[in-house]
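Trainee: Provided herewith: run.cif, mmCIF, C-alpha atoms and all ligand atoms.
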```cif
data_final
loop_
_atom_site.label_atom_id
_atom_site.label_comp_id
_atom_site.auth_asym_id
_atom_site.auth_seq_id
_atom_site.Cartn_x
_atom_site.Cartn_y
_atom_site.Cartn_z
CA MET A 1 -13.74 26.12 10.51
CA THR A 2 -13.64 22.38 11.09
CA SER A 3 -15.88 20.00 9.17
CA THR A 4 -16.42 16.62 10.74
CA PHE A 5 -17.23 13.19 9.43
CA ASP A 6 -18.98 11.11 12.07
CA LEU A 7 -17.68 7.64 12.87
CA THR A 8 -20.07 6.69 15.65
CA GLN A 9 -23.29 5.98 13.75
CA LEU A 10 -21.87 3.24 11.58
CA ASP A 11 -25.23 1.68 10.85
CA ARG A 12 -25.87 4.24 8.19
CA PHE A 13 -23.14 2.61 6.09
CA ALA A 14 -24.47 -0.94 6.46
CA GLY A 15 -26.03 -2.84 3.58
CA THR A 16 -24.88 -3.86 0.16
CA SER A 17 -21.90 -1.99 -1.09
CA THR A 18 -21.96 1.00 -3.35
CA SER A 19 -20.58 0.74 -6.84
CA ILE A 20 -16.86 0.30 -7.26
CA ARG A 21 -14.98 0.58 -10.48
CA ARG A 22 -12.47 -2.19 -10.94
CA PRO A 23 -9.01 -0.69 -10.57
CA ARG A 24 -7.18 -0.62 -13.89
CA GLU A 25 -3.50 -0.01 -14.24
CA PHE A 26 -2.86 2.76 -16.74
CA THR A 27 0.83 3.27 -16.06
CA ARG A 28 3.60 2.31 -13.68
CA PHE A 29 6.93 3.36 -12.25
CA SER A 30 9.89 1.66 -10.67
CA TYR A 31 12.52 2.47 -8.14
CA ASP A 32 15.77 0.79 -9.05
CA ASP A 33 18.37 -0.74 -6.75
CA THR A 34 19.63 2.70 -5.76
CA HIS A 35 16.05 3.81 -5.16
CA THR A 36 16.16 6.10 -8.17
CA LEU A 37 12.73 6.83 -9.59
CA LYS A 38 12.04 5.57 -13.13
CA PRO A 39 8.70 6.97 -14.32
CA LEU A 40 6.78 4.63 -16.68
CA SER A 41 9.33 1.86 -16.15
CA ALA A 42 8.46 -1.75 -15.29
CA GLU A 43 12.06 -2.70 -14.56
CA SER A 44 11.43 -3.67 -10.95
CA LEU A 45 8.52 -5.96 -11.75
CA SER A 46 8.95 -9.35 -10.02
CA TYR A 47 7.50 -12.74 -10.83
CA TYR A 48 6.10 -15.08 -8.22
CA TYR A 49 7.76 -18.43 -7.78
CA PRO A 50 7.11 -20.18 -4.47
CA PRO A 51 9.98 -20.57 -2.04
CA VAL A 52 11.66 -23.95 -2.11
CA PHE A 53 11.23 -26.15 0.93
CA GLY A 54 13.62 -29.02 1.56
CA ALA A 55 12.44 -32.60 1.85
CA PRO A 56 10.02 -32.96 4.76
CA GLY A 57 11.52 -34.69 7.71
CA LEU A 58 14.96 -33.30 7.11
CA GLU A 59 16.32 -31.12 9.85
CA GLU A 60 16.71 -28.01 7.71
CA HIS A 61 13.77 -28.25 5.38
CA ARG A 62 12.26 -24.90 6.29
CA PRO A 63 13.79 -21.72 4.85
CA ASP A 64 15.37 -19.57 7.54
CA LEU A 65 14.18 -15.99 7.03
CA SER A 66 16.94 -14.54 9.19
CA VAL A 67 19.71 -15.50 6.78
CA GLY A 68 21.51 -12.44 5.43
CA PHE A 69 20.16 -9.97 8.00
CA LYS A 70 23.61 -8.42 8.46
CA THR A 71 23.90 -7.56 4.76
CA PHE A 72 20.36 -6.14 4.35
CA ARG A 73 20.41 -3.17 1.98
CA GLN A 74 17.81 -0.89 3.43
CA ARG A 75 16.64 2.23 1.67
CA ASP A 76 16.89 5.61 3.28
CA ASP A 77 13.36 6.72 3.91
CA SER A 78 14.08 9.74 6.05
CA VAL A 79 13.35 12.08 3.14
CA ASP A 80 9.80 13.32 2.69
CA GLU A 81 9.04 12.47 -0.93
CA HIS A 82 5.53 13.93 -0.79
CA LEU A 83 3.63 12.86 -3.90
CA ASP A 84 6.71 13.23 -6.10
CA GLY A 85 7.04 9.75 -7.64
CA LEU A 86 3.36 9.71 -8.43
CA LEU A 87 3.34 13.21 -9.91
CA ASP A 88 6.48 12.71 -12.02
CA THR A 89 4.92 9.60 -13.49
CA LEU A 90 1.56 11.20 -14.13
CA GLN A 91 3.36 14.02 -15.89
CA ALA A 92 5.53 11.67 -17.99
CA TYR A 93 2.45 9.64 -18.88
CA GLU A 94 0.50 12.70 -19.99
CA GLU A 95 3.45 14.05 -21.97
CA ALA A 96 3.87 10.72 -23.77
CA LEU A 97 0.18 10.73 -24.68
CA LEU A 98 0.62 14.15 -26.13
CA VAL A 99 3.48 13.03 -28.34
CA LYS A 100 1.49 10.07 -29.61
CA VAL A 101 -1.48 12.20 -30.44
CA GLU A 102 0.63 14.82 -32.18
CA GLY A 103 2.16 12.09 -34.36
CA GLY A 104 -1.32 10.99 -35.39
CA GLU A 105 -3.95 12.74 -37.40
CA HIS A 106 -5.47 14.86 -34.71
CA GLU A 107 -3.40 17.16 -32.68
CA VAL A 108 -4.87 17.35 -29.21
CA ALA A 109 -3.06 19.55 -26.80
CA ASN A 110 -3.07 19.18 -23.04
CA VAL A 111 -4.15 15.63 -22.47
CA ARG A 112 -4.88 15.55 -18.78
CA LEU A 113 -6.23 12.66 -16.81
CA LYS A 114 -9.21 13.63 -14.75
CA ALA A 115 -9.95 12.26 -11.34
CA ASP A 116 -11.64 13.62 -8.24
CA VAL A 117 -8.91 12.43 -5.92
CA VAL A 118 -5.24 11.62 -6.52
CA THR A 119 -3.26 9.85 -3.81
CA TRP A 120 -1.12 6.94 -2.67
CA ARG A 121 -2.88 3.71 -1.96
CA GLY A 122 -0.84 3.44 1.22
CA GLY A 123 -1.00 0.55 3.60
CA ASP A 124 2.47 -0.79 3.25
CA ALA A 125 5.68 0.16 4.79
CA GLN A 126 4.68 3.50 6.25
CA ASN A 127 1.29 2.87 7.65
CA ARG A 128 1.41 0.32 10.39
CA LYS A 129 1.09 2.51 13.39
CA SER A 130 0.52 -0.22 15.90
CA GLU A 131 3.91 -1.71 15.30
CA HIS A 132 7.20 -0.35 16.42
CA ARG A 133 9.50 0.32 13.48
CA SER A 134 12.91 1.86 13.47
CA LYS A 135 12.29 3.34 10.07
CA GLY A 136 9.37 3.50 7.76
CA GLY A 137 9.71 2.69 4.11
CA GLY A 138 7.91 2.61 0.84
CA GLU A 139 5.11 4.95 0.15
CA LEU A 140 5.17 8.14 2.05
CA MET A 141 1.59 9.21 2.12
CA LEU A 142 -1.35 8.09 4.14
CA THR A 143 -4.40 7.50 2.13
CA THR A 144 -7.76 6.02 1.41
CA LEU A 145 -6.54 2.85 3.00
CA GLN A 146 -6.73 4.47 6.39
CA ILE A 147 -10.27 5.50 5.56
CA LEU A 148 -11.19 2.05 4.36
CA THR A 149 -10.23 0.49 7.66
CA VAL A 150 -11.10 3.36 9.99
CA ALA A 151 -14.50 2.06 11.11
CA PHE A 152 -12.98 -1.08 12.59
CA ASP A 153 -9.59 0.16 13.68
CA ASP A 154 -10.08 2.16 16.87
CA PHE A 155 -6.38 2.51 17.33
CA SER A 156 -5.55 4.06 14.02
CA ASP A 157 -4.76 7.73 14.26
CA PHE A 158 -3.59 9.77 11.31
CA GLU A 159 -3.00 13.14 9.82
CA MET A 160 -3.06 13.78 6.10
CA ASN A 161 -2.85 16.91 4.05
CA ALA A 162 -5.05 17.59 1.08
CA THR A 163 -4.88 20.33 -1.46
CA CYS A 164 -7.03 21.24 -4.39
CA PHE A 165 -5.15 21.95 -7.56
CA GLN A 166 -6.35 24.94 -9.54
CA VAL A 167 -9.94 25.37 -10.56
CA ARG A 168 -10.40 21.70 -11.23
CA HIS A 169 -11.45 20.10 -8.00
CA ASP A 170 -8.91 17.34 -7.68
CA PRO A 171 -7.87 17.03 -4.09
CA PHE A 172 -4.33 15.76 -3.87
CA ILE A 173 -3.80 14.04 -0.58
CA GLU A 174 -0.57 13.40 1.23
CA GLU A 175 0.48 12.37 4.66
CA ASN A 176 1.47 14.87 7.29
CA GLN A 177 5.14 14.01 7.78
CA ALA A 178 5.66 15.99 10.96
CA TYR A 179 2.91 14.03 12.67
CA LYS A 180 4.33 10.81 11.32
CA ALA A 181 7.80 11.61 12.58
CA ALA A 182 6.46 12.23 16.08
CA GLN A 183 4.55 8.94 16.00
CA ARG A 184 7.64 7.11 14.85
CA ARG A 185 9.73 8.64 17.65
CA SER A 186 7.30 7.39 20.26
CA GLN A 187 7.18 3.93 18.67
CA ASN A 188 10.94 3.72 18.55
CA SER A 189 11.26 4.34 22.25
CA GLN A 190 9.86 0.86 22.88
CA GLN A 191 12.85 -1.45 23.06
CA PRO A 192 12.45 -5.19 22.60
CA ARG A 193 12.52 -7.14 25.83
CA ARG A 194 15.33 -9.58 26.43
CA GLY A 195 14.84 -12.74 24.40
CA GLU A 196 12.39 -11.05 22.04
CA VAL A 197 13.16 -10.80 18.36
CA SER A 198 13.93 -7.21 17.36
CA GLN A 199 11.51 -5.29 15.17
CA GLU A 200 14.31 -4.83 12.65
CA MET A 201 14.66 -8.59 12.33
CA MET A 202 10.92 -9.12 11.93
CA GLN A 203 10.86 -6.48 9.27
CA TYR A 204 13.74 -8.18 7.52
CA TRP A 205 11.79 -11.46 7.46
CA GLY A 206 9.17 -9.74 5.31
CA TYR A 207 11.74 -8.67 2.72
CA LYS A 208 13.60 -11.99 2.87
CA PHE A 209 10.32 -13.75 2.19
CA GLU A 210 9.85 -11.52 -0.88
CA SER A 211 13.36 -12.31 -2.00
CA ILE A 212 12.90 -16.11 -1.86
CA SER A 213 9.41 -15.97 -3.40
CA THR A 214 10.11 -13.95 -6.51
CA LEU A 215 12.26 -13.91 -9.64
CA PRO A 216 13.29 -10.91 -11.73
CA THR A 217 12.31 -12.58 -15.01
CA PRO A 218 9.30 -14.62 -16.19
CA TRP A 219 9.34 -18.34 -15.64
CA ALA A 220 10.21 -19.13 -19.26
CA GLU A 221 13.48 -17.19 -18.96
CA THR A 222 14.42 -18.67 -15.61
CA THR A 223 17.03 -21.33 -14.94
CA ARG A 224 17.36 -23.72 -12.04
CA ALA A 225 20.38 -21.76 -10.91
CA ASP A 226 18.27 -18.58 -10.71
CA ILE A 227 15.86 -20.33 -8.41
CA GLU A 228 18.51 -21.90 -6.22
CA GLY A 229 20.49 -18.67 -6.16
CA ARG A 230 17.64 -16.76 -4.53
CA GLU A 231 18.50 -18.14 -1.11
CA THR A 232 21.83 -16.37 -0.99
CA LEU A 233 20.98 -13.10 -2.74
CA ILE A 234 21.58 -9.93 -0.80
CA VAL A 235 18.18 -8.67 0.28
CA SER A 236 17.43 -5.08 -0.68
CA ASN A 237 14.24 -3.11 -0.34
CA ASN A 238 15.33 -0.44 -2.79
CA PRO A 239 13.72 -1.85 -5.94
CA GLN A 240 9.97 -1.35 -6.07
CA TYR A 241 7.36 -1.64 -8.76
CA CYS A 242 4.46 0.76 -8.33
CA SER A 243 1.23 0.41 -10.22
CA MET A 244 -0.90 3.46 -11.01
CA VAL A 245 -4.57 2.72 -11.37
CA ARG A 246 -7.78 4.52 -12.10
CA THR A 247 -10.65 3.42 -9.97
CA GLY A 248 -13.87 4.70 -8.46
CA ILE A 249 -15.61 4.30 -5.14
CA GLY A 250 -19.21 5.50 -5.17
CA VAL A 251 -19.37 8.73 -7.15
CA THR A 252 -15.69 9.59 -6.62
CA SER A 253 -13.11 8.78 -9.26
CA LEU A 254 -9.59 8.17 -8.06
CA ILE A 255 -6.04 7.87 -9.29
CA LEU A 256 -4.09 5.70 -6.88
CA ALA A 257 -0.48 4.61 -6.86
CA GLY A 258 0.92 1.82 -4.76
CA GLU A 259 3.58 -0.84 -4.63
CA VAL A 260 2.74 -4.34 -5.83
CA ASP A 261 4.96 -7.24 -4.85
CA CYS A 262 4.86 -9.56 -7.88
CA VAL A 263 2.80 -11.09 -10.63
CA LEU A 264 1.69 -14.70 -11.09
CA GLY A 265 2.74 -15.90 -14.53
CA GLU A 266 2.97 -12.77 -16.62
CA LYS A 267 1.11 -9.52 -17.08
CA PRO A 268 -1.58 -10.00 -19.73
CA GLU A 269 -0.85 -8.35 -23.04
CA ARG A 270 -4.14 -6.56 -23.26
CA ALA A 271 -4.24 -3.55 -21.02
CA ASP A 272 -7.91 -4.02 -20.12
CA GLN A 273 -7.35 -7.50 -18.66
CA PRO A 274 -7.05 -7.84 -14.88
CA ILE A 275 -3.47 -8.42 -13.75
CA PRO A 276 -2.79 -11.51 -11.61
CA TRP A 277 -0.89 -9.58 -8.95
CA ILE A 278 0.25 -11.27 -5.78
CA GLU A 279 0.73 -9.59 -2.43
CA LEU A 280 3.26 -11.32 -0.16
CA LYS A 281 2.95 -11.29 3.61
CA THR A 282 4.66 -13.01 6.46
CA SER A 283 2.78 -13.86 9.59
CA ALA A 284 3.29 -15.80 12.79
CA GLU A 285 1.51 -19.15 12.65
CA PRO A 286 -2.09 -18.76 13.64
CA VAL A 287 -3.63 -19.04 16.12
CA ASN A 288 -6.33 -20.85 17.74
CA LEU A 289 -9.33 -19.28 16.07
CA SER A 290 -11.72 -20.68 18.62
CA ASN A 291 -10.03 -18.40 21.13
CA HIS A 292 -11.91 -15.13 20.69
CA ARG A 293 -8.97 -12.85 21.40
CA GLU A 294 -6.77 -14.58 18.87
CA ALA A 295 -9.54 -14.61 16.29
CA VAL A 296 -10.01 -10.86 16.75
CA ARG A 297 -6.32 -10.23 16.28
CA TYR A 298 -6.24 -12.41 13.19
CA GLU A 299 -9.22 -10.62 11.64
CA ARG A 300 -7.62 -7.24 12.23
CA LYS A 301 -4.70 -8.48 10.20
CA LEU A 302 -7.06 -9.70 7.49
CA LEU A 303 -8.64 -6.25 7.41
CA ARG A 304 -5.28 -4.68 6.61
CA TYR A 305 -4.43 -7.32 4.01
CA TRP A 306 -7.82 -6.97 2.36
CA ALA A 307 -7.83 -3.16 2.25
CA GLN A 308 -4.31 -2.92 0.89
CA SER A 309 -4.93 -5.42 -1.92
CA PHE A 310 -8.50 -4.46 -2.72
CA LEU A 311 -7.64 -0.84 -3.56
CA LEU A 312 -5.21 -1.75 -6.35
CA GLY A 313 -7.14 -4.80 -7.53
CA VAL A 314 -4.62 -7.38 -6.26
CA PRO A 315 -6.53 -10.68 -6.40
CA LYS A 316 -4.29 -12.96 -4.31
CA ILE A 317 -2.26 -12.80 -1.13
CA MET A 318 0.34 -15.43 -0.32
CA VAL A 319 0.91 -15.61 3.41
CA GLY A 320 4.15 -17.18 4.54
CA TYR A 321 3.48 -18.57 8.01
CA ARG A 322 6.58 -18.67 10.15
CA THR A 323 7.73 -19.91 13.51
CA PRO A 324 8.38 -17.36 16.29
CA ASP A 325 12.07 -17.48 15.38
CA GLY A 326 11.63 -16.89 11.66
CA PHE A 327 11.54 -20.28 9.95
CA LEU A 328 9.04 -20.53 7.14
CA ASN A 329 6.50 -23.29 7.76
CA ARG A 330 4.08 -23.10 4.87
CA ILE A 331 2.38 -20.85 2.35
CA VAL A 332 -1.34 -20.17 2.45
CA GLU A 333 -3.14 -18.57 -0.45
CA LEU A 334 -5.89 -16.04 0.26
CA GLU A 335 -8.27 -14.60 -2.30
CA THR A 336 -8.73 -10.92 -1.60
CA GLN A 337 -12.34 -10.94 -2.72
CA ARG A 338 -13.26 -13.75 -0.36
CA ILE A 339 -11.75 -12.25 2.79
CA PRO A 340 -14.85 -10.29 3.87
CA ALA A 341 -17.02 -13.43 3.65
CA GLN A 342 -14.41 -15.39 5.59
CA VAL A 343 -14.56 -12.79 8.36
CA LYS A 344 -18.35 -12.87 8.34
CA ARG A 345 -18.23 -16.60 9.03
CA GLY A 346 -15.56 -16.10 11.71
CA ALA A 347 -15.67 -13.72 14.64
CA HIS A 348 -17.26 -11.12 12.33
CA THR A 349 -15.26 -8.22 13.72
CA TRP A 350 -15.60 -6.14 10.55
CA ASP A 351 -17.75 -5.74 7.50
CA GLY A 352 -16.30 -5.12 4.04
CA ASN A 353 -19.42 -3.50 2.58
CA LEU A 354 -19.57 -1.09 5.46
CA CYS A 355 -15.92 -0.14 4.89
CA ILE A 356 -16.59 0.56 1.23
CA ASN A 357 -19.78 2.55 1.86
CA LEU A 358 -18.07 4.63 4.52
CA THR A 359 -15.15 5.33 2.18
CA ALA A 360 -17.53 6.36 -0.59
CA ALA A 361 -19.32 8.76 1.74
CA PHE A 362 -16.09 10.13 3.13
CA LEU A 363 -14.64 10.79 -0.32
CA GLU A 364 -17.78 12.65 -1.31
CA PHE A 365 -17.59 14.71 1.85
CA LEU A 366 -13.92 15.42 1.22
CA THR A 367 -14.34 16.59 -2.37
CA GLN A 368 -17.05 18.96 -1.20
CA THR A 369 -14.91 20.30 1.63
CA VAL A 370 -11.52 20.71 -0.03
CA VAL A 371 -12.40 23.41 -2.53
CA GLY A 372 -10.43 26.52 -3.44
CA ASN A 373 -6.97 27.62 -2.39
CA GLY A 374 -5.08 26.29 0.56
CA VAL A 375 -4.18 23.09 2.35
CA TRP A 376 -6.56 21.07 4.48
CA ARG A 377 -5.65 18.74 7.28
CA ILE A 378 -7.50 15.45 7.66
CA ARG A 379 -7.16 14.18 11.20
CA ARG A 380 -8.31 11.30 13.29
CA TRP A 381 -7.32 10.73 16.91
CA LYS A 382 -6.87 7.30 18.42
CA ASN A 383 -10.34 6.03 19.41
CA GLY A 384 -11.75 9.21 17.89
CA GLY A 385 -15.39 9.21 16.93
CA MET A 386 -14.86 11.42 13.92
CA ILE A 387 -12.54 12.53 11.18
CA GLU A 388 -11.87 16.26 11.21
CA VAL A 389 -11.07 18.29 8.11
CA PHE A 390 -9.86 21.85 8.55
CA LYS A 391 -7.70 24.38 6.78
CA THR A 392 -4.13 24.59 8.00
CA GLU A 393 -1.72 27.48 7.69
CA GLU A 394 1.29 25.23 8.25
CA LEU A 395 1.57 24.35 4.58
CA VAL A 396 0.80 25.84 1.22
CA MET A 397 -0.22 24.02 -1.93
CA GLU A 398 3.31 24.38 -3.32
CA ASP A 399 4.63 22.15 -0.52
CA ILE A 400 2.50 19.27 -1.71
CA LEU A 401 2.61 19.71 -5.47
CA LYS A 402 6.07 20.11 -6.91
CA GLN A 403 6.90 22.95 -9.26
CA SER A 404 7.48 20.82 -12.35
CA PHE A 405 4.05 19.23 -12.06
CA ARG A 406 2.31 22.56 -11.57
CA THR A 407 4.04 24.00 -14.63
CA HIS A 408 3.08 20.95 -16.63
CA ARG A 409 -0.56 21.18 -15.62
CA GLU A 410 -0.87 24.94 -16.06
P1 LIG A 501 5.46 -8.34 5.90
O1 LIG A 501 4.20 -7.78 5.30
O2 LIG A 501 5.67 -9.73 5.52
O3 LIG A 501 5.51 -8.09 7.37
P2 LIG A 501 4.26 -5.23 2.17
O4 LIG A 501 3.74 -6.45 2.85
O5 LIG A 501 3.35 -4.10 2.25
O6 LIG A 501 4.66 -5.61 0.77
O7 LIG A 501 5.58 -4.79 2.92
C1 LIG A 501 6.74 -5.58 2.81
C2 LIG A 501 7.50 -5.60 4.12
O8 LIG A 501 7.80 -4.29 4.50
C3 LIG A 501 6.74 -6.16 5.29
O9 LIG A 501 6.71 -7.53 5.26
C4 LIG A 501 7.55 -5.61 6.45
O10 LIG A 501 8.70 -6.36 6.68
C5 LIG A 501 7.96 -4.25 5.91
N1 LIG A 501 7.07 -3.25 6.49
C6 LIG A 501 5.75 -3.21 6.44
N2 LIG A 501 5.26 -2.17 7.13
C7 LIG A 501 6.31 -1.53 7.63
C8 LIG A 501 6.48 -0.35 8.43
N3 LIG A 501 5.45 0.36 8.90
N4 LIG A 501 7.71 0.03 8.71
C9 LIG A 501 8.76 -0.66 8.25
N5 LIG A 501 8.66 -1.76 7.51
C10 LIG A 501 7.47 -2.20 7.20
MG MG A 502 5.13 -4.69 -0.91
MG MG A 503 3.97 -7.62 0.76
#
```
Show me, as structure tokens, the structure contained in the file I just sent.

Mentor:
Amino acid sequence: MTSTFDLTQLDRFAGTSTSIRRPREFTRFSYDDTHTLKPLSAESLSYYYPPVFGAPGLEEHRPDLSVGFKTFRQRDDSVDEHLDGLLDTLQAYEEALLVKVEGGEHEVANVRLKADVVTWRGGDAQNRKSEHRSKGGGELMLTTLQILTVAFDDFSDFEMNATCFQVRHDPFIEENQAYKAAQRRSQNSQQPRRGEVSQEMMQYWGYKFESISTLPTPWAETTRADIEGRETLIVSNNPQYCSMVRTGIGVTSLILAGEVDCVLGEKPERADQPIPWIELKTSAEPVNLSNHREAVRYERKLLRYWAQSFLLGVPKIMVGYRTPDGFLNRIVELETQRIPAQVKRGAHTWDGNLCINLTAAFLEFLTQTVVGNGVWRIRRWKNGGMIEVFKTEELVMEDILKQSFRTHRE
């Protein structure tokens, strides 16, 4: 039986937005330079420090993002990691809590975080369907992000898997890799035209921009040589810092994990303080916003930036505007929270409140649908007027939730 979530009558989601709980980081994990998972570790945390521009007027004052392309260390993302990094970390976090509590006065067994939905935030490396990529990267699962943008992204199509673990109704959601692989194959068949920059190069620009905008240590521990040395470092996309947050949209509580690029200053000492995260993006110079087509394209990009950062509580986005051949022109700072209002004043191609209300309604629908044993498929076709949710026999719960996590939670 297929349950459907209608996407045609969007008016029912209009109006002020439903309640949202501010995302709070409760733990973290890192991938190191060999892409080995380090649960609970902050070792790959980076610190923002703006890229250095030469003196204006000099020939070479703009950083060239293509430098070092030949030595790019690119991670192997052909393996389906399911929810593994997230689950290993959740497990390590819960086990550590247990130890702490045992050491104290009260022995409390089986500390388990509760949430209605557990998933990747998504939205980075893997999820840009409209762009041709030779390889994906980063987080492997499609997520709430796709839902957050679905009302205004007619071209997004996706398949996710969801399973409900045990009697507690926590749907765990992951991306359907087979579907993804097929999508990727069709994207890869588009070769760049002569004279066009390759997709690989454009992708490299994004990582090079990260490399010349961040430092591995806080400002106080940084030397001038560290800053100057960034230009010639070998760029690698293996190290990643992933934040795990608890949040809520409408009545649904969530545990989300996602990569964050860097922090401004330092992380606050108190865990309940918001973290001044920064999301880094590169983008071709805009764009004549009085031209409607260009404005629409620009706002679509803003929708993706906003959704990605909003879900983890990232307050700022630094956009590195570049020339068509990859020279950095300038940095523009966007405040995540203000993006929806900016769009409202512009071509008004999307509405942030509507996105949030739709997501809240969808999550409620999902938690009522994914109940009991089995695996459900969540599917949306390109231009599709609905999201379908139906049971699939292609997978069993054990494919999504690794053995060690199940044993831990049993
Ligand atoms: P840009 O965002 O500057 O294009 P993120 O911005 O999410 O931190 O991702 C960092 C970089 O990863 C991106 O930089 C881009 O180069 C690369 N990237 C993003 N989406 C990708 C995808 N679907 N496939 C491969 N690489 C991607
Ligand atoms: Mg990133
Ligand atoms: Mg980024």

Trainee: For Lys301 (chain A), which of A:Lys267, A:Gly229, A:Gly320, A:Asp153 is the closest residue, counting only C-alpha atoms?

Mentor: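 The closest residue to Lys301 (chain A) is A:Asp153.
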
Trainee: List the residues sitting within 12 Å of (-9.4, -1.3, 5.3) in the file's frame, using only C-alpha atoms, as a PyMOL selection string.

Mentor: chain A and resi 121-123+127+143-153+156+299-311+336+339-340+350-359

Trainee: What does the structure give for the distance between CA of Ile387 (chain A) and CA of Phe158 (chain A), in Å to one decimal?

Mentor: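 It comes out at 9.4 Å.
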
Trainee: Per residue of chain A within 9 Å of ligand MG 502 (chain A), record the nearest atom pair and its distance in Å to one decimal, counting all atoms listed in the file, with rows in chain order and ascending residue number, as a tab-separated table.

Mentor:
```
residue	atom	partner	partner_atom	distance
A:Asp124	CA	A:MG502	MG	6.3
A:Ala125	CA	A:MG502	MG	7.5
A:Gly138	CA	A:MG502	MG	8.0
A:Gly206	CA	A:MG502	MG	9.0
A:Tyr207	CA	A:MG502	MG	8.5
A:Glu210	CA	A:MG502	MG	8.3
A:Gln240	CA	A:MG502	MG	7.8
A:Tyr241	CA	A:MG502	MG	8.7
A:Gly258	CA	A:MG502	MG	8.7
A:Glu259	CA	A:MG502	MG	5.6
A:Val260	CA	A:MG502	MG	5.5
A:Asp261	CA	A:MG502	MG	4.7
A:Cys262	CA	A:MG502	MG	8.5
A:Glu279	CA	A:MG502	MG	6.8
A:Leu280	CA	A:MG502	MG	6.9
A:Lys281	CA	A:MG502	MG	8.3
```

Trainee: Under the rule that all atoms listed in the file are counted, which of A:Ala225, A:Val67, A:Glu159, A:Phe26 is the nearest residue to Ala271 (chain A)?

Mentor: A:Phe26

Trainee: Tell me, as an mmCIF file with C-alpha atoms, in the frame of the given file, which residues lie within 7 Å of Glu25 (chain A), counting all atoms listed in the file; anything in the same chain fewer than 4 positions away does not count.

Mentor:
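Listing of out33.cif after writing:
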```cif
data_model
loop_
_atom_site.group_PDB
_atom_site.id
_atom_site.type_symbol
_atom_site.label_atom_id
_atom_site.label_comp_id
_atom_site.auth_asym_id
_atom_site.auth_seq_id
_atom_site.Cartn_x
_atom_site.Cartn_y
_atom_site.Cartn_z
ATOM 1 C CA SER A 243 1.230 0.410 -10.220
ATOM 2 C CA MET A 244 -0.900 3.460 -11.010
ATOM 3 C CA VAL A 245 -4.570 2.720 -11.370
ATOM 4 C CA ARG A 246 -7.780 4.520 -12.100
#
```

Trainee: Could you check how far CA of Arg409 (chain A) sits from CA of Thr27 (chain A), in Å to one decimal?

Mentor: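 Between CA of Arg409 (chain A) and CA of Thr27 (chain A) the gap is 18.0 Å.
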
Trainee: May I have the residues within 12 Å of Ala92 (chain A) as a count of residues only, using only C-alpha atoms and disregarding those fewer than 3 positions away in the same chain?

Mentor: 24

Trainee: For Leu264 (chain A), work out the shell of residues within 12 Å, counting only C-alpha atoms and skipping chain neighbours fewer than 3 positions away, then give it as a ChimeraX atom specification.

Mentor: /A:45-50,213-215,217-219,260-261,267-268,274-280,314-318

Trainee: I'd like the interatomic distance between atom C4 of ligand LIG 501 (chain A) and CA of Gln203 (chain A), to a tenth of an Å.

Mentor: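 These atoms are spaced 4.4 Å apart.
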
Trainee: To box ligand LIG 501 (chain A), take all atoms listed in the file, fit an axis-aligned box, add 6 Å on each side, and give centre and edge lengths in Å to one decimal, as JSON.

Mentor:
```
{"center_x": 6.1, "center_y": -4.7, "center_z": 4.8, "size_x": 17.4, "size_y": 22.1, "size_z": 20.1}
```

Trainee: Considering only C-alpha atoms, can you say which of A:Arg330, A:Arg345, A:Lys114, A:Arg338 comes closest to His61 (chain A)?

Mentor: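 Once distances to His61 (chain A) are computed over only C-alpha atoms, the minimum belongs to A:Arg330.
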
Trainee: Neighbours of region 361-367 of chain A within 9 Å (all atoms listed in the file; same-chain residues fewer than 6 positions away dropped), as a ChimeraX atom specification?

Mentor: /A:5,13,116-117,144,147,164,169-171,249-252,389

Trainee: Between A:Leu37, A:Ala360, A:Val118, A:Ala341, which has the minimum distance to Glu81 (chain A) (counting all atoms listed in the file)?

Mentor: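 When distances to Glu81 (chain A) are compared using all atoms listed in the file, the smallest one comes from A:Leu37.
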
Trainee: Can you pull out every residue within 10 Å of Leu233 (chain A), counting all atoms listed in the file, but drop anything in the same chain fewer than 5 positions away, and send it as a list in words?

Mentor: Val67, Gly68, Thr71, Phe72, Lys208, Ser211, Ile212 and Glu228 of chain A
